[in-house]
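A.B. asks: Below you'll find my_file.cif; it's mmCIF, C-alpha atoms and all ligand atoms.
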```
data_model
loop_
_atom_site.group_PDB
_atom_site.id
_atom_site.type_symbol
_atom_site.label_atom_id
_atom_site.label_comp_id
_atom_site.auth_asym_id
_atom_site.auth_seq_id
_atom_site.Cartn_x
_atom_site.Cartn_y
_atom_site.Cartn_z
ATOM 1 C CA MET Q 1 12.078 -11.622 -40.117
ATOM 2 C CA VAL Q 2 9.470 -9.812 -37.987
ATOM 3 C CA ASP Q 3 9.101 -6.039 -38.223
ATOM 4 C CA PHE Q 4 8.860 -4.033 -34.994
ATOM 5 C CA TYR Q 5 5.698 -1.869 -34.928
ATOM 6 C CA LYS Q 6 6.248 0.991 -32.476
ATOM 7 C CA GLU Q 7 2.559 1.984 -32.135
ATOM 8 C CA TRP Q 8 1.584 -1.594 -31.215
ATOM 9 C CA TYR Q 9 4.393 -1.739 -28.666
ATOM 10 C CA ASP Q 10 3.318 1.584 -27.108
ATOM 11 C CA LYS Q 11 -0.302 0.413 -26.946
ATOM 12 C CA LEU Q 12 0.711 -2.801 -25.154
ATOM 13 C CA ILE Q 13 3.009 -0.988 -22.710
ATOM 14 C CA ALA Q 14 0.344 1.611 -21.897
ATOM 15 C CA HIS Q 15 -1.990 -1.169 -20.740
ATOM 16 C CA SER Q 16 0.549 -3.398 -18.990
ATOM 17 C CA ASN Q 17 2.556 -3.443 -15.771
ATOM 18 C CA GLU Q 18 5.212 -5.708 -17.322
ATOM 19 C CA LYS Q 19 8.193 -3.324 -17.490
ATOM 20 C CA GLY Q 20 7.952 -2.353 -13.806
ATOM 21 C CA LEU Q 21 7.842 -6.020 -12.800
ATOM 22 C CA LEU Q 22 10.846 -6.845 -14.962
ATOM 23 C CA VAL Q 23 12.948 -4.014 -13.537
ATOM 24 C CA GLU Q 24 12.002 -5.066 -10.015
ATOM 25 C CA LYS Q 25 13.031 -8.690 -10.596
ATOM 26 C CA ILE Q 26 16.229 -7.910 -12.531
ATOM 27 C CA SER Q 27 17.238 -5.369 -9.826
ATOM 28 C CA ASP Q 28 16.835 -8.108 -7.198
ATOM 29 C CA LEU Q 29 19.030 -10.421 -9.256
ATOM 30 C CA LEU Q 30 21.724 -7.745 -9.747
ATOM 31 C CA LYS Q 31 21.878 -6.607 -6.108
ATOM 32 C CA GLY Q 32 24.963 -7.563 -4.098
ATOM 33 C CA LYS Q 33 27.072 -8.533 -7.113
ATOM 34 C CA THR Q 34 29.837 -6.458 -8.700
ATOM 35 C CA HIS Q 35 29.471 -5.550 -12.307
ATOM 36 C CA GLU Q 36 31.142 -2.945 -14.440
ATOM 37 C CA SER Q 37 29.385 -3.227 -17.720
ATOM 38 C CA CYS Q 38 25.983 -3.978 -19.168
ATOM 39 C CA LEU Q 39 24.765 -4.490 -22.709
ATOM 40 C CA GLU Q 40 21.068 -4.028 -23.483
ATOM 41 C CA ILE Q 41 19.830 -5.319 -26.828
ATOM 42 C CA GLY Q 42 16.758 -3.569 -28.293
ATOM 43 C CA LEU Q 43 15.307 -0.863 -26.052
ATOM 44 C CA GLY Q 44 11.833 -0.357 -27.565
ATOM 45 C CA THR Q 45 10.576 3.232 -27.558
ATOM 46 C CA SER Q 46 12.030 4.611 -24.304
ATOM 47 C CA ALA Q 47 15.128 4.328 -22.116
ATOM 48 C CA TYR Q 48 13.057 2.625 -19.398
ATOM 49 C CA PHE Q 49 15.554 -0.105 -18.442
ATOM 50 C CA SER Q 50 18.734 1.990 -18.533
ATOM 51 C CA GLU Q 51 17.129 4.744 -16.443
ATOM 52 C CA ARG Q 52 16.261 2.257 -13.710
ATOM 53 C CA LEU Q 53 19.093 -0.293 -13.998
ATOM 54 C CA GLY Q 54 21.941 1.982 -15.207
ATOM 55 C CA GLY Q 55 22.987 2.765 -11.607
ATOM 56 C CA PHE Q 56 24.224 -0.806 -11.115
ATOM 57 C CA PHE Q 57 26.973 -0.318 -13.727
ATOM 58 C CA ASP Q 58 29.923 1.918 -14.609
ATOM 59 C CA ASP Q 59 29.175 1.540 -18.310
ATOM 60 C CA TYR Q 60 25.899 0.636 -19.983
ATOM 61 C CA LEU Q 61 25.683 0.154 -23.739
ATOM 62 C CA ILE Q 62 22.469 -0.168 -25.733
ATOM 63 C CA VAL Q 63 22.435 -1.630 -29.237
ATOM 64 C CA GLU Q 64 19.175 -0.705 -30.948
ATOM 65 C CA LYS Q 65 18.305 -1.192 -34.596
ATOM 66 C CA ASN Q 66 16.033 1.844 -34.824
ATOM 67 C CA GLU Q 67 16.921 5.491 -34.371
ATOM 68 C CA PHE Q 68 16.635 6.779 -30.781
ATOM 69 C CA ASN Q 69 17.313 10.421 -29.890
ATOM 70 C CA GLU Q 70 16.036 10.837 -26.329
ATOM 71 C CA PRO Q 71 18.434 11.862 -23.516
ATOM 72 C CA LEU Q 72 20.228 9.046 -21.646
ATOM 73 C CA LYS Q 73 21.943 8.800 -18.252
ATOM 74 C CA THR Q 74 25.610 9.901 -18.370
ATOM 75 C CA ASN Q 75 27.030 6.357 -18.145
ATOM 76 C CA VAL Q 76 24.710 5.090 -20.906
ATOM 77 C CA LYS Q 77 25.675 5.000 -24.593
ATOM 78 C CA ILE Q 78 23.590 3.872 -27.547
ATOM 79 C CA VAL Q 79 24.685 2.466 -30.887
ATOM 80 C CA GLN Q 80 22.174 2.268 -33.701
ATOM 81 C CA ASP Q 81 22.853 -1.088 -35.347
ATOM 82 C CA ASP Q 82 21.527 -4.569 -35.896
ATOM 83 C CA PHE Q 83 22.873 -6.620 -32.993
ATOM 84 C CA GLU Q 84 23.275 -9.644 -35.260
ATOM 85 C CA GLU Q 85 25.666 -7.705 -37.514
ATOM 86 C CA HIS Q 86 27.396 -5.534 -34.911
ATOM 87 C CA ILE Q 87 31.067 -6.229 -34.169
ATOM 88 C CA PHE Q 88 32.073 -5.824 -30.518
ATOM 89 C CA ASN Q 89 35.567 -5.291 -29.122
ATOM 90 C CA GLU Q 90 34.610 -5.979 -25.513
ATOM 91 C CA GLN Q 91 32.757 -8.384 -23.250
ATOM 92 C CA PHE Q 92 30.119 -7.576 -20.634
ATOM 93 C CA ASP Q 93 29.259 -8.560 -17.062
ATOM 94 C CA VAL Q 94 25.540 -8.469 -17.792
ATOM 95 C CA ILE Q 95 23.505 -8.662 -21.002
ATOM 96 C CA ILE Q 96 19.785 -7.901 -21.108
ATOM 97 C CA ALA Q 97 17.762 -9.204 -24.061
ATOM 98 C CA SER Q 98 14.174 -8.462 -23.110
ATOM 99 C CA HIS Q 99 11.404 -9.273 -25.597
ATOM 100 C CA VAL Q 100 13.844 -8.976 -28.471
ATOM 101 C CA VAL Q 101 14.755 -12.547 -29.414
ATOM 102 C CA TYR Q 102 11.502 -12.903 -31.444
ATOM 103 C CA TYR Q 103 13.032 -10.488 -33.961
ATOM 104 C CA PHE Q 104 16.364 -12.190 -34.605
ATOM 105 C CA LYS Q 105 16.796 -13.677 -38.080
ATOM 106 C CA ASP Q 106 19.093 -16.436 -36.821
ATOM 107 C CA LEU Q 107 18.135 -17.137 -33.214
ATOM 108 C CA PRO Q 108 20.528 -20.059 -32.477
ATOM 109 C CA GLN Q 109 23.508 -18.136 -33.842
ATOM 110 C CA THR Q 110 22.512 -14.943 -32.027
ATOM 111 C CA ILE Q 111 22.148 -16.766 -28.708
ATOM 112 C CA LYS Q 112 25.711 -18.068 -29.205
ATOM 113 C CA LYS Q 113 26.853 -14.534 -29.923
ATOM 114 C CA ILE Q 114 25.225 -13.233 -26.724
ATOM 115 C CA ILE Q 115 26.922 -15.910 -24.602
ATOM 116 C CA SER Q 116 30.273 -15.247 -26.287
ATOM 117 C CA LEU Q 117 29.962 -11.578 -25.325
ATOM 118 C CA LEU Q 118 29.661 -12.445 -21.615
ATOM 119 C CA LYS Q 119 32.725 -12.293 -19.394
ATOM 120 C CA ASP Q 120 33.425 -15.450 -17.378
ATOM 121 C CA GLY Q 121 31.010 -15.371 -14.453
ATOM 122 C CA GLY Q 122 28.799 -12.942 -16.382
ATOM 123 C CA ARG Q 123 25.051 -13.235 -16.628
ATOM 124 C CA ALA Q 124 22.604 -12.830 -19.486
ATOM 125 C CA TYR Q 125 18.906 -12.158 -18.870
ATOM 126 C CA PHE Q 126 16.593 -13.288 -21.636
ATOM 127 C CA VAL Q 127 12.948 -12.280 -21.276
ATOM 128 C CA VAL Q 128 10.186 -13.979 -23.292
ATOM 129 C CA ASN Q 129 6.528 -14.713 -22.735
ATOM 130 C CA GLY Q 130 5.801 -18.091 -21.164
ATOM 131 C CA LYS Q 131 3.088 -20.505 -22.255
ATOM 132 C CA GLU Q 132 0.925 -20.406 -19.146
ATOM 133 C CA SER Q 133 -1.867 -18.025 -18.093
ATOM 134 C CA ASP Q 134 -3.789 -16.407 -20.952
ATOM 135 C CA TYR Q 135 -0.922 -15.941 -23.408
ATOM 136 C CA GLY Q 136 -0.283 -19.617 -24.257
ATOM 137 C CA PRO Q 137 -3.951 -20.491 -24.844
ATOM 138 C CA ILE Q 138 -4.635 -17.514 -27.134
ATOM 139 C CA LYS Q 139 -1.533 -18.292 -29.173
ATOM 140 C CA ASP Q 140 -2.683 -21.916 -29.567
ATOM 141 C CA ALA Q 141 -6.224 -20.791 -30.447
ATOM 142 C CA PHE Q 142 -4.930 -18.347 -33.079
ATOM 143 C CA ALA Q 143 -2.687 -21.065 -34.572
ATOM 144 C CA SER Q 144 -5.753 -23.277 -34.977
ATOM 145 C CA PHE Q 145 -7.738 -20.402 -36.602
ATOM 146 C CA ILE Q 146 -5.065 -19.926 -39.272
ATOM 147 C CA GLY Q 147 -4.208 -23.637 -39.557
ATOM 148 C CA LYS Q 148 -0.496 -23.151 -38.900
ATOM 149 C CA PRO Q 149 1.403 -24.766 -36.039
ATOM 150 C CA TYR Q 150 2.802 -22.283 -33.555
ATOM 151 C CA THR Q 151 6.237 -22.666 -31.996
ATOM 152 C CA PHE Q 152 6.691 -20.753 -28.775
ATOM 153 C CA THR Q 153 9.901 -18.708 -28.679
ATOM 154 C CA TYR Q 154 10.159 -19.862 -25.064
ATOM 155 C CA ASP Q 155 10.689 -23.467 -26.280
ATOM 156 C CA VAL Q 156 13.204 -22.448 -28.941
ATOM 157 C CA LEU Q 157 15.140 -20.391 -26.413
ATOM 158 C CA LYS Q 158 15.190 -23.179 -23.822
ATOM 159 C CA ALA Q 159 16.347 -25.709 -26.427
ATOM 160 C CA ASN Q 160 19.197 -23.426 -27.461
ATOM 161 C CA LEU Q 161 20.283 -22.853 -23.874
ATOM 162 C CA LYS Q 162 20.244 -26.460 -22.736
ATOM 163 C CA GLU Q 163 24.037 -26.759 -22.616
ATOM 164 C CA HIS Q 164 24.289 -23.720 -20.335
ATOM 165 C CA ARG Q 165 23.753 -23.137 -16.633
ATOM 166 C CA THR Q 166 20.375 -21.381 -16.357
ATOM 167 C CA LYS Q 167 17.833 -20.334 -13.763
ATOM 168 C CA GLU Q 168 14.282 -19.376 -14.579
ATOM 169 C CA TYR Q 169 12.040 -16.821 -12.899
ATOM 170 C CA THR Q 170 8.436 -15.903 -13.639
ATOM 171 C CA THR Q 171 6.768 -12.521 -13.224
ATOM 172 C CA GLN Q 172 3.094 -12.454 -14.002
ATOM 173 C CA ALA Q 173 2.154 -9.297 -15.892
ATOM 174 C CA SER Q 174 -1.418 -8.176 -16.455
ATOM 175 C CA LEU Q 175 -3.043 -6.191 -19.231
ATOM 176 C CA SER Q 176 -6.010 -3.991 -18.445
ATOM 177 C CA PHE Q 177 -8.767 -3.360 -20.995
ATOM 178 C CA GLN Q 178 -12.086 -1.558 -21.424
ATOM 179 C CA SER Q 179 -13.665 -4.115 -23.739
ATOM 180 C CA HIS Q 180 -12.670 -7.286 -25.573
ATOM 181 C CA GLU Q 181 -12.340 -5.230 -28.771
ATOM 182 C CA ASP Q 182 -9.878 -2.994 -26.939
ATOM 183 C CA LEU Q 183 -7.973 -6.053 -25.688
ATOM 184 C CA TYR Q 184 -7.781 -7.357 -29.270
ATOM 185 C CA GLU Q 185 -6.028 -4.093 -30.250
ATOM 186 C CA THR Q 186 -3.694 -4.214 -27.231
ATOM 187 C CA LEU Q 187 -2.616 -7.755 -28.127
ATOM 188 C CA ARG Q 188 -1.746 -6.879 -31.732
ATOM 189 C CA LEU Q 189 2.005 -6.775 -31.029
ATOM 190 C CA SER Q 190 1.929 -10.405 -29.917
ATOM 191 C CA PHE Q 191 0.761 -11.388 -33.395
ATOM 192 C CA ASP Q 192 3.217 -9.293 -35.408
ATOM 193 C CA LEU Q 193 4.460 -12.400 -37.186
ATOM 194 C CA TYR Q 194 0.977 -12.638 -38.777
ATOM 195 C CA PRO Q 195 -0.325 -9.052 -39.109
ATOM 196 C CA ASN Q 196 -2.681 -9.820 -42.013
ATOM 197 C CA GLU Q 197 -4.035 -13.021 -40.515
ATOM 198 C CA TYR Q 198 -4.648 -11.241 -37.200
ATOM 199 C CA GLU Q 199 -6.809 -8.714 -39.048
ATOM 200 C CA GLU Q 200 -8.616 -11.444 -41.018
ATOM 201 C CA GLN Q 201 -9.316 -13.446 -37.822
ATOM 202 C CA LYS Q 202 -10.506 -10.412 -35.844
ATOM 203 C CA ASP Q 203 -14.032 -11.723 -35.121
ATOM 204 C CA LYS Q 204 -12.794 -15.157 -34.081
ATOM 205 C CA VAL Q 205 -10.126 -13.680 -31.804
ATOM 206 C CA ILE Q 206 -12.622 -11.326 -30.140
ATOM 207 C CA ASN Q 207 -15.106 -14.156 -29.652
ATOM 208 C CA TRP Q 208 -12.344 -16.287 -28.115
ATOM 209 C CA LEU Q 209 -11.462 -13.430 -25.754
ATOM 210 C CA LYS Q 210 -15.121 -12.992 -24.769
ATOM 211 C CA ALA Q 211 -15.448 -16.707 -23.993
ATOM 212 C CA ASN Q 212 -12.150 -17.124 -22.171
ATOM 213 C CA ILE Q 213 -11.192 -13.817 -20.549
ATOM 214 C CA ARG Q 214 -13.999 -13.251 -18.080
ATOM 215 C CA GLY Q 215 -12.220 -11.088 -15.503
ATOM 216 C CA GLU Q 216 -10.850 -7.578 -15.823
ATOM 217 C CA LYS Q 217 -7.288 -8.563 -16.714
ATOM 218 C CA PHE Q 218 -5.410 -10.603 -19.306
ATOM 219 C CA PHE Q 219 -2.426 -12.377 -17.716
ATOM 220 C CA ILE Q 220 0.976 -13.022 -19.283
ATOM 221 C CA ASP Q 221 3.657 -15.019 -17.482
ATOM 222 C CA GLN Q 222 6.943 -13.420 -18.398
ATOM 223 C CA LYS Q 223 9.905 -15.750 -18.160
ATOM 224 C CA ILE Q 224 13.276 -14.334 -17.166
ATOM 225 C CA ILE Q 225 15.919 -16.874 -18.097
ATOM 226 C CA GLU Q 226 19.211 -16.148 -16.413
ATOM 227 C CA VAL Q 227 22.280 -17.691 -18.052
ATOM 228 C CA ILE Q 228 25.372 -17.900 -15.886
ATOM 229 C CA LYS Q 229 28.640 -18.242 -17.811
HETATM 230 C C1 LIG Q 301 9.487 -5.493 -28.398
HETATM 231 S S1 LIG Q 301 10.776 -4.352 -28.276
HETATM 232 C C2 LIG Q 301 11.392 -4.723 -26.660
HETATM 233 C C3 LIG Q 301 11.897 -3.516 -25.949
HETATM 234 C C4 LIG Q 301 12.337 -3.710 -24.504
HETATM 235 N N1 LIG Q 301 13.569 -4.467 -24.432
HETATM 236 C C5 LIG Q 301 11.253 -4.354 -23.680
HETATM 237 O O1 LIG Q 301 11.484 -5.376 -23.030
HETATM 238 O O2 LIG Q 301 10.140 -3.820 -23.677
HETATM 239 C C6 LIG Q 301 12.043 -4.949 -29.353
HETATM 240 C C7 LIG Q 301 13.131 -3.925 -29.644
HETATM 241 O O3 LIG Q 301 14.260 -4.588 -30.192
HETATM 242 C C8 LIG Q 301 14.716 -3.888 -31.337
HETATM 243 N N2 LIG Q 301 15.386 -4.868 -32.195
HETATM 244 C C9 LIG Q 301 14.817 -5.880 -32.906
HETATM 245 N N3 LIG Q 301 15.754 -6.589 -33.544
HETATM 246 C C10 LIG Q 301 16.950 -6.020 -33.233
HETATM 247 C C11 LIG Q 301 18.291 -6.289 -33.604
HETATM 248 N N4 LIG Q 301 18.594 -7.294 -34.439
HETATM 249 N N5 LIG Q 301 19.282 -5.499 -33.130
HETATM 250 C C12 LIG Q 301 18.974 -4.462 -32.296
HETATM 251 N N6 LIG Q 301 17.718 -4.155 -31.916
HETATM 252 C C13 LIG Q 301 16.716 -4.920 -32.372
HETATM 253 C C14 LIG Q 301 13.457 -3.280 -31.923
HETATM 254 O O4 LIG Q 301 13.760 -2.197 -32.775
HETATM 255 C C15 LIG Q 301 12.727 -2.852 -30.636
HETATM 256 O O5 LIG Q 301 13.181 -1.599 -30.209
#
```
Could you spell out this file's structure in structure tokens?
Ligand SMILES: C[S@@+](CC[C@H](N)C(=O)[O-])C[C@H]1O[C@@H](n2cnc3c(N)ncnc32)[C@H](O)[C@@H]1O
C.D. replies:
Amino acid sequence: MVDFYKEWYDKLIAHSNEKGLLVEKISDLLKGKTHESCLEIGLGTSAYFSERLGGFFDDYLIVEKNEFNEPLKTNVKIVQDDFEEHIFNEQFDVIIASHVVYYFKDLPQTIKKIISLLKDGGRAYFVVNGKESDYGPIKDAFASFIGKPYTFTYDVLKANLKEHRTKEYTTQASLSFQSHEDLYETLRLSFDLYPNEYEEQKDKVINWLKANIRGEKFFIDQKIIEVIK
């Protein structure tokens, strides 16, 4: 299981436009459809999604493993629990699982659980990083540095959704950075499966960034996979 490191997440978010792009795209996909309820799995360190998407729903429930005590919109409730263990007595029109599937202990089983929690005609939005742009190549380079094959969560997710009706959308997020050393720090969250190896390979990673990231931005193609039940 991968631990969630809040400081690394905050560092990435502070240098990225990814959340704004996701909200924009998911809002477009929600517009013009009726929905009463939404479930968000894993909110990160702020109520960013529910503040901006909560207005589409009568009821919005967040299930988050870690403690969260910030104020929420009136139609938003939060339960502190592990989604994989949590027992639900209801189904939802929409489920949002953004950048959370990397953390599930049993991904195939948890994907089944998410689909089972959708009402007929409901939609789930899974968000993961795609393999294009700069993200795929650095992951492959890092895998070669540590001599371990890397499986993209994107591929695992797609394989587990192949029996379902899906549509895929891409939003290209960019990370800004002052120096390649700074970019190395910003990218730490993406290597949280290998925190020690990432530290050990620091020089190689920075040299790779210097050789391959020549412009002012590092690009990540975020994949929004919409499952229609
Ligand atoms: C990388 S953050 C993503 C936050 C936000 N959804 C986003 O797109 O930026 C992952 C979040 O999921 C939470 N999380 C991880 N595993 C979880 C689980 N099994 N049940 C509930 N929350 C979980 C973590 O605590 C963290 O808040």
A.B. asks: Tell me, counting only C-alpha atoms and all ligand atoms, for each residue of chain Q within 7 Å of ligand LIG 301 (chain Q), which pair of atoms is nearest and how far apart they are in Å to one decimal, in rows ordered by chain and increasing number, as a tab-separated table.
C.D. replies:
```
residue	atom	partner	partner_atom	distance
Q:Phe4	CA	Q:LIG301	C14	5.6
Q:Tyr9	CA	Q:LIG301	C1	6.3
Q:Lys19	CA	Q:LIG301	O2	6.5
Q:Ile41	CA	Q:LIG301	C12	5.6
Q:Gly42	CA	Q:LIG301	O3	3.3
Q:Leu43	CA	Q:LIG301	N1	4.3
Q:Gly44	CA	Q:LIG301	O5	3.2
Q:Thr45	CA	Q:LIG301	O5	6.1
Q:Val63	CA	Q:LIG301	C12	5.4
Q:Glu64	CA	Q:LIG301	N6	3.9
Q:Lys65	CA	Q:LIG301	N6	4.0
Q:Asn66	CA	Q:LIG301	O4	5.1
Q:Asp81	CA	Q:LIG301	C12	6.0
Q:Asp82	CA	Q:LIG301	N5	3.7
Q:Phe83	CA	Q:LIG301	N5	3.8
Q:Glu84	CA	Q:LIG301	N4	5.3
Q:Ala97	CA	Q:LIG301	N1	6.3
Q:Ser98	CA	Q:LIG301	O1	4.1
Q:His99	CA	Q:LIG301	O1	4.7
Q:Val100	CA	Q:LIG301	C6	4.5
Q:Tyr103	CA	Q:LIG301	N3	4.8
Q:Phe104	CA	Q:LIG301	N4	5.4
```
A.B. asks: Excluding stretch 156-167 of chain Q and its own-chain neighbours fewer than 2 positions away, which residues fall within 9 Å of it when counting all atoms listed in the file? Please give them as a PyMOL selection string.
C.D. replies: chain Q and resi 101+107-108+111-112+126+128+151-154+169+224-229
A.B. asks: As a PyMOL selection string, please: the residues near stretch 22-33 of chain Q (cut-off 12 Å, all atoms listed in the file, same-chain neighbours under 5 positions excluded).
C.D. replies: chain Q and resi 16-17+38+48-57+93-99+121-129+167-173+221-228
A.B. asks: Using only C-alpha atoms, which of the listed residues (Q:Glu40, Q:Glu199, Q:Glu216, Q:Asp58) sits closest to Q:Thr74?
C.D. replies: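 Using only C-alpha atoms, Q:Thr74 sits closest to Q:Asp58.
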A.B. asks: Nearest to Q:Phe142: which of Q:His15, Q:Lys105, Q:Lys204, Q:Arg188 is it, counting only C-alpha atoms?
C.D. replies: Q:Lys204
A.B. asks: What is the distance between atom CA of Q:Tyr150 and atom CA of Q:Tyr198, in Å to one decimal?
C.D. replies: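 Calculated distance between atom CA of Q:Tyr150 and atom CA of Q:Tyr198 is 13.8 Å.
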A.B. asks: Can you measure atom CA of Q:Asp134 to atom CA of Q:Asn212 for me? One decimal in Å is fine.
C.D. replies: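 Computing the Euclidean distance for atom CA of Q:Asp134 and atom CA of Q:Asn212 yields 8.5 Å.
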A.B. asks: As lines of an AutoDock Vina configuration file, what would the box around stretch 193-208 of chain Q look like: edges along x, y and z, 4 Å added on every side, centre and edge lengths in Å to one decimal?
C.D. replies:
```
center_x = -5.3
center_y = -12.5
center_z = -35.1
size_x = 27.6
size_y = 15.6
size_z = 21.9
```
A.B. asks: Need the neighbours of (-8.7, -7.4, -18.3): which residues are at most 10 Å away, counting all atoms listed in the file, as a ChimeraX atom specification?
C.D. replies: /Q:15,174-180,182-183,209,213-219
A.B. asks: Find the residue from Q:Ile13, Q:Lys77, Q:Leu117, Q:Asp3 that sits nearest to Q:Asn89; use all atoms listed in the file when measuring.
C.D. replies: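 Among Q:Ile13, Q:Lys77, Q:Leu117, Q:Asp3, it is Q:Leu117 that comes nearest to Q:Asn89.
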A.B. asks: Counting all atoms listed in the file, which of Q:Val205, Q:Lys113, Q:Glu185, Q:Leu39 gets nearest to Q:Asp140?
C.D. replies: Q:Val205
A.B. asks: If you measure from atom CA of Q:Leu118 to atom CA of Q:Ser37, what distance in Å do you get, rounded to one decimal?
C.D. replies: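 About the pair atom CA of Q:Leu118 and atom CA of Q:Ser37: they are 10.0 Å apart.
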A.B. asks: Rank Q:Tyr60, Q:Phe191, Q:Tyr102, Q:Phe145 by their smallest atom-to-atom distance to Q:Val76, using only C-alpha atoms, and report the top residue only.
C.D. replies: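 Answer, going by the shortest atom-to-atom distance: Q:Tyr60.
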A.B. asks: Ranking Q:Ser46, Q:Gln91, Q:Asp155, Q:Ala211 by minimum distance to Q:Asn69 and counting only C-alpha atoms, which one comes first?
C.D. replies: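 Closest to Q:Asn69, using only C-alpha atoms: Q:Ser46.
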A.B. asks: Using all atoms listed in the file, list the residues that have an atom at most 6 Å from (-10.6, -8.4, -32.5), coordinates as in the file, as a list in words.
C.D. replies: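 Residues with an atom close enough to that point: Glu181, Tyr184, Lys202, Asp203, Val205 and Ile206 of chain Q.
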